[in-house]
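**Q** Okay, handing you the structure first.
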Amino acid sequence: MAVNFEDQTTLFNFVVKQGNGVKGLIDSGLSCVPQRFVQPLSERIASPDALTREASQPIDLSQLDGPNHKDVAKQITEAAETLGFFQVVNHGVSVELLELLKTSAHEFFAQAPDKKAIYLKEVSPSKLFKYGTSFVPEKEKAIEWKDYVSMLYTNDSEALQHWPQPCRDVALEFLKSSMEMVKRVVEVLMENVGVRLEEERMNGLMGTKMVNMNYYPTCPSPELTIGVGRHSDMGMLTVLLQDGIGGLYVKLDNGQWAEIPPIDGALVINVGDTLQILTNGRYKSAEHRVRTTNIGSRVSVPIFTAPNPSEKIGPLPEIVERDGVARYKELLFQDYMNNFFGQPHEGKKSLDFARAN
Ligand code: OGA
Ligand code: NI
């Protein structure tokens, strides 16, 4: 089957609509990057890029409930106030599971295109499981060099019923074994700003849970493409497992980009827009992006936690009172989410939607 990748529509249909993905493009023997994936100069990642290595010293969470509580809590809150990113060890997720997650991600994407295409959002048998390429490819000038699956969690029995293997068991186990840790980290962050959330409110703010598996195929010209464009995550906290290839960058205050280096056995945690809004800007959702490489295909497995769609979000009253000003308005999380998924990645522009006028 010879597909004419010179033709824009044919290419788009092959990759996005027919679900061959970027992986299918590479597997077809392609040796140069099609124009549709070429980023404008301003978005390309020159190498060598990052000059600093931040978040390279993981925080030991086993110390959180012992005599070193204060010190560990300080490490977490300082990271959330500055970089918006940190790494953790002794997080309660077994190292064997982390390995299995990476293998399963490779296994899913290694399947023939028609095995994956049945989960494209237009045809997927379930709203809870979706496969696709890039973020909003229809609206992007340049498509991101990434295929992904996304698994929305409602409850165990629906996950077992709707998420397919080989992702299902490992993703569910990952979600369940990390959720306590995530809630504990949120508690620590809230304590530090003098807020105690009622259980019901906490559950409302953490009610949307999603596990993704990202697959960044090896790229013949990594300097032209991007794995994920500059963005912040929309929710509370994201927990991310990355493999050893590297390529995740976070933007520093001075405008430079620092790599979050892969650390065996560690998980990456980053602050999302919702947490920035709730804390009136005290914690910073981190602007981040992923570069592509030609040394191999990279996988990552993020867990996104976010409010229930029906939850109202806005700066917490205790904090507004102290600050004397509300920097964000109150809104329905559903509306924030619709806006977020409605446009291509563009740094932290997503937050403008919530900004107080
Ligand atoms: C994301 C993301 C980073 C990575 O999926 O939102 O930022 O390393 N992923 O894959
Ligand atoms: Ni992200």
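Each chain of the structure tokens is named A, B, ... in the order shown, its residues numbered from 1; ligands are numbered from 1 in display order.
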For Ala80 (chain A), list every protein, DNA or RNA residue within 8 Å, evaluated using only C-alpha atoms, and leave out those in the same chain fewer than 6 positions away; present the list as a PyMOL selection string.

**A** chain A and resi 86+270-271+283-284

**Q** Any idea what's packed within 12 Å of region 200-206 of chain A, counting only C-alpha atoms, ignoring anything in its chain fewer than 3 positions away? Could you give it as number ranges by chain?

**A** A: 153-154, 179-180, 182-184, 186-187, 190, 195-197, 209-210, 235-238, 272, 274-275, 278, 303-314, 316, 332-333

**Q** Using only C-alpha atoms, pick whichever of A:Gly66, A:Pro222, A:Gly255, A:Pro125 has the shortest atom-to-atom distance to Trp163 (chain A).

**A**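 Of A:Gly66, A:Pro222, A:Gly255, A:Pro125, the one nearest Trp163 (chain A) is A:Pro125, counting only C-alpha atoms.
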
**Q** Among region 69-226 of chain A, which ones does DSSP assign to strand (DSSP E) (computed from the backbone)? Answer as a ChimeraX atom specification.

**A** /A:85-89,129-133,147-153,208-216

**Q** Show me which residues sit within 8 Å of ligand 2 when counting only C-alpha atoms and all ligand atoms, and put them as a VMD selection string.

**A** chain A and resid 228 231 to 233 238 288 to 289

**Q** Find the distance between CA of Gln87 (chain A) and atom 9 (N, counted along the ligand's line) of ligand 1 and write it in Å to one decimal.

**A**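 Between these atoms lies a distance of 14.2 Å.
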
**Q** May I have the residues within 10 Å of ligand 1, computed using only C-alpha atoms and all ligand atoms, as a CSV table (one decimal) with C-alpha atoms, in the first residue's frame?

**A**
```
chain,number,residue,atom,x,y,z
A,135,PHE,CA,-3.8,17.1,21.4
A,146,LYS,CA,2.7,11.7,19.9
A,148,TYR,CA,-1.7,8.2,23.3
A,150,SER,CA,-6.6,7.9,27.8
A,211,VAL,CA,-4.6,7.5,33.4
A,212,ASN,CA,-3.0,8.1,30.0
A,213,MET,CA,-0.3,6.3,28.2
A,214,ASN,CA,1.8,8.4,25.9
A,215,TYR,CA,3.9,7.0,23.1
A,216,TYR,CA,6.5,9.2,21.4
A,227,GLY,CA,6.4,15.5,21.5
A,228,VAL,CA,4.0,17.8,23.4
A,229,GLY,CA,3.9,21.5,23.0
A,230,ARG,CA,4.2,24.1,25.8
A,231,HIS,CA,1.3,23.7,28.2
A,232,SER,CA,0.2,23.4,31.8
A,233,ASP,CA,-2.0,20.6,33.0
A,234,MET,CA,-5.6,21.7,33.9
A,238,THR,CA,-0.4,15.2,37.8
A,239,VAL,CA,1.7,12.1,38.7
A,240,LEU,CA,3.9,11.0,35.9
A,241,LEU,CA,5.9,7.9,35.2
A,242,GLN,CA,8.5,8.5,32.5
A,243,ASP,CA,11.0,6.0,31.0
A,245,ILE,CA,14.8,8.3,27.5
A,246,GLY,CA,14.2,11.8,28.9
A,247,GLY,CA,12.9,14.9,27.2
A,248,LEU,CA,10.5,16.4,29.7
A,249,TYR,CA,11.2,20.1,30.2
A,250,VAL,CA,9.8,22.7,32.5
A,260,ILE,CA,13.2,16.8,34.6
A,262,PRO,CA,14.5,10.4,34.5
A,268,VAL,CA,7.2,13.1,38.7
A,270,ASN,CA,3.4,18.6,38.9
A,272,GLY,CA,-2.0,21.9,37.5
A,286,ALA,CA,4.2,24.4,35.6
A,287,GLU,CA,4.6,25.2,31.9
A,288,HIS,CA,6.1,22.1,30.4
A,289,ARG,CA,6.8,20.3,27.1
A,290,VAL,CA,8.4,17.2,25.7
A,291,ARG,CA,11.0,17.0,23.0
A,298,ARG,CA,9.6,7.1,24.6
A,299,VAL,CA,6.6,6.2,26.8
A,300,SER,CA,5.2,8.0,29.7
A,301,VAL,CA,2.2,7.3,31.9
A,302,PRO,CA,0.5,10.3,33.6
A,303,ILE,CA,-2.3,10.2,36.1
A,304,PHE,CA,-4.3,13.4,36.0
```

**Q** Which of these, A:Lys176, A:His162, A:His91, A:Lys74, has the shortest distance to Ala266 (chain A) once you count only C-alpha atoms?

**A**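 The closest residue to Ala266 (chain A) is A:His91.
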
**Q** What's the separation between CA of Ala46 (chain A) and CA of Pro220 (chain A), in Å to one decimal place?

**A**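 Between these atoms lies a distance of 15.2 Å.
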
**Q** For Ser177 (chain A), which residue out of A:Val95, A:Thr292, A:Ser297, A:Glu346 is the nearest one, using only C-alpha atoms?

**A**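 Between A:Val95, A:Thr292, A:Ser297, A:Glu346, the residue approaching Ser177 (chain A) most closely is A:Val95.
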
**Q** Check region 19-202 of chain A with DSSP on the backbone and list each residue it calls alpha helix (DSSP H), as number ranges by chain.

**A** A: 21-27, 69-81, 95-110, 113-117, 156-162, 168-192, 199-202

**Q** A:Thr82, A:Gln343, A:Thr103, A:Asn357: which is nearest Pro137 (chain A), counting only C-alpha atoms?

**A** A:Gln343

**Q** Compile the contact shell of region 105-111 of chain A as a PDB file with all heavy atoms, in the first residue's frame: residues with an atom at most 7 Å away, counting only C-alpha atoms, same-chain residues fewer than 4 positions apart removed.

**A**
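File produced: around-v6.pdb:
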```pdb
ATOM      1  N   LEU A 101       4.123  -1.093  33.699  1.00  0.00           N
ATOM      2  CA  LEU A 101       3.385  -0.017  33.024  1.00  0.00           C
ATOM      3  C   LEU A 101       4.082   0.375  31.726  1.00  0.00           C
ATOM      4  O   LEU A 101       3.435   0.565  30.689  1.00  0.00           O
ATOM      5  CB  LEU A 101       3.273   1.199  33.948  1.00  0.00           C
ATOM      6  CG  LEU A 101       2.169   1.128  35.008  1.00  0.00           C
ATOM      7  CD1 LEU A 101       2.465   2.081  36.158  1.00  0.00           C
ATOM      8  CD2 LEU A 101       0.808   1.445  34.385  1.00  0.00           C
ATOM      9  N   LYS A 115      -6.203  -2.584  15.286  1.00  0.00           N
ATOM     10  CA  LYS A 115      -6.516  -2.985  16.669  1.00  0.00           C
ATOM     11  C   LYS A 115      -6.653  -1.756  17.566  1.00  0.00           C
ATOM     12  O   LYS A 115      -7.349  -1.774  18.581  1.00  0.00           O
ATOM     13  CB  LYS A 115      -5.403  -3.884  17.237  1.00  0.00           C
ATOM     14  CG  LYS A 115      -5.323  -5.265  16.595  1.00  0.00           C
ATOM     15  CD  LYS A 115      -6.314  -6.192  17.281  1.00  0.00           C
ATOM     16  CE  LYS A 115      -6.264  -7.633  16.827  1.00  0.00           C
ATOM     17  NZ  LYS A 115      -6.261  -7.845  15.364  1.00  0.00           N
ATOM     18  N   LYS A 116      -5.935  -0.681  17.202  1.00  0.00           N
ATOM     19  CA  LYS A 116      -5.982   0.542  17.997  1.00  0.00           C
ATOM     20  C   LYS A 116      -7.094   1.481  17.516  1.00  0.00           C
ATOM     21  O   LYS A 116      -7.747   2.152  18.323  1.00  0.00           O
ATOM     22  CB  LYS A 116      -4.622   1.267  17.918  1.00  0.00           C
ATOM     23  CG  LYS A 116      -3.472   0.453  18.498  1.00  0.00           C
ATOM     24  CD  LYS A 116      -2.135   1.181  18.402  1.00  0.00           C
ATOM     25  CE  LYS A 116      -1.487   1.040  17.051  1.00  0.00           C
ATOM     26  NZ  LYS A 116      -0.086   1.565  17.028  1.00  0.00           N
ATOM     27  N   PRO A 166      -3.670  -4.512  26.832  1.00  0.00           N
ATOM     28  CA  PRO A 166      -2.827  -4.798  27.992  1.00  0.00           C
ATOM     29  C   PRO A 166      -2.707  -3.629  28.978  1.00  0.00           C
ATOM     30  O   PRO A 166      -1.892  -3.688  29.880  1.00  0.00           O
ATOM     31  CB  PRO A 166      -1.476  -5.081  27.346  1.00  0.00           C
ATOM     32  CG  PRO A 166      -1.461  -4.182  26.148  1.00  0.00           C
ATOM     33  CD  PRO A 166      -2.871  -4.111  25.659  1.00  0.00           C
ATOM     34  N   CYS A 167      -3.557  -2.597  28.821  1.00  0.00           N
ATOM     35  CA  CYS A 167      -3.410  -1.420  29.685  1.00  0.00           C
ATOM     36  C   CYS A 167      -4.143  -1.593  31.007  1.00  0.00           C
ATOM     37  O   CYS A 167      -3.716  -1.099  32.049  1.00  0.00           O
ATOM     38  CB  CYS A 167      -3.983  -0.179  28.994  1.00  0.00           C
ATOM     39  SG  CYS A 167      -3.411   0.047  27.314  1.00  0.00           S
ATOM     40  N   MET A 213      -1.578   6.822  28.592  1.00  0.00           N
ATOM     41  CA  MET A 213      -0.290   6.263  28.183  1.00  0.00           C
ATOM     42  C   MET A 213       0.123   7.010  26.939  1.00  0.00           C
ATOM     43  O   MET A 213      -0.625   7.042  25.955  1.00  0.00           O
ATOM     44  CB  MET A 213      -0.399   4.766  27.917  1.00  0.00           C
ATOM     45  CG  MET A 213      -0.541   3.935  29.177  1.00  0.00           C
ATOM     46  SD  MET A 213      -0.614   2.181  28.803  1.00  0.00           S
ATOM     47  CE  MET A 213      -0.528   1.493  30.469  1.00  0.00           C
ATOM     48  N   VAL A 299       8.003   6.244  26.220  1.00  0.00           N
ATOM     49  CA  VAL A 299       6.648   6.155  26.781  1.00  0.00           C
ATOM     50  C   VAL A 299       6.592   6.894  28.114  1.00  0.00           C
ATOM     51  O   VAL A 299       7.595   7.007  28.822  1.00  0.00           O
ATOM     52  CB  VAL A 299       6.166   4.693  27.000  1.00  0.00           C
ATOM     53  CG1 VAL A 299       5.966   3.979  25.678  1.00  0.00           C
ATOM     54  CG2 VAL A 299       7.104   3.919  27.911  1.00  0.00           C
TER      55      VAL A 299
END
```

**Q** When you look at Pro113 (chain A) with a cut-off of 12 Å (counting only C-alpha atoms), what residues show up, excluding the ones that are within fewer than 2 positions of it in the same chain? I need them as number ranges by chain.

**A** A: 14-25, 27-28, 108-111, 115-120, 131-132, 147

**Q** Go ahead and save the residues from that selection, with C-alpha atoms, as an mmCIF file, in the first residue's frame.

**A**
```
data_model
loop_
_atom_site.group_PDB
_atom_site.id
_atom_site.type_symbol
_atom_site.label_atom_id
_atom_site.label_comp_id
_atom_site.auth_asym_id
_atom_site.auth_seq_id
_atom_site.Cartn_x
_atom_site.Cartn_y
_atom_site.Cartn_z
ATOM 1 C CA PHE A 14 -3.842 8.317 7.514
ATOM 2 C CA VAL A 15 -2.378 9.498 10.814
ATOM 3 C CA VAL A 16 -5.348 10.984 12.655
ATOM 4 C CA LYS A 17 -8.641 9.855 11.139
ATOM 5 C CA GLN A 18 -7.738 6.282 10.248
ATOM 6 C CA GLY A 19 -5.818 5.875 13.478
ATOM 7 C CA ASN A 20 -2.469 4.780 12.124
ATOM 8 C CA GLY A 21 -0.919 7.343 14.405
ATOM 9 C CA VAL A 22 2.554 8.781 14.211
ATOM 10 C CA LYS A 23 3.741 5.250 14.884
ATOM 11 C CA GLY A 24 2.011 4.037 11.722
ATOM 12 C CA LEU A 25 3.741 6.774 9.773
ATOM 13 C CA ASP A 27 6.407 2.031 10.500
ATOM 14 C CA SER A 28 5.543 2.764 6.874
ATOM 15 C CA PHE A 108 -0.473 -1.470 23.359
ATOM 16 C CA PHE A 109 1.116 0.728 20.719
ATOM 17 C CA ALA A 110 2.927 -2.217 19.097
ATOM 18 C CA GLN A 111 -0.451 -3.610 18.012
ATOM 19 C CA LYS A 115 -6.516 -2.985 16.669
ATOM 20 C CA LYS A 116 -5.982 0.542 17.997
ATOM 21 C CA ALA A 117 -8.225 2.456 15.589
ATOM 22 C CA ILE A 118 -11.343 0.879 17.113
ATOM 23 C CA TYR A 119 -10.730 3.169 20.103
ATOM 24 C CA LEU A 120 -10.600 6.448 18.168
ATOM 25 C CA TYR A 131 -6.902 6.409 21.504
ATOM 26 C CA GLY A 132 -5.556 9.248 19.420
ATOM 27 C CA ASP A 147 0.131 8.874 20.057
#
```

**Q** Do a neighbour search on Ser31 (chain A) at 9 Å with only C-alpha atoms, toss out local chain neighbours closer than 5 positions, and write the hits as a list in words.

**A**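 Contacts, in chain order: Ile26, Cys219, Pro220 and Ser221 of chain A.
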
**Q** Of the candidates A:Glu96, A:Asp253, A:Glu198, A:Glu158, which one gets nearest to Glu81 (chain A) if we count only C-alpha atoms?

**A** A:Asp253

**Q** In terms of the shortest atom-to-atom distance over only C-alpha atoms, which of A:Gly347, A:Pro67, A:Gly265, A:Gly296 is closest to Ser94 (chain A)?

**A**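 The shortest atom-to-atom distance to Ser94 (chain A) comes from A:Gly265.
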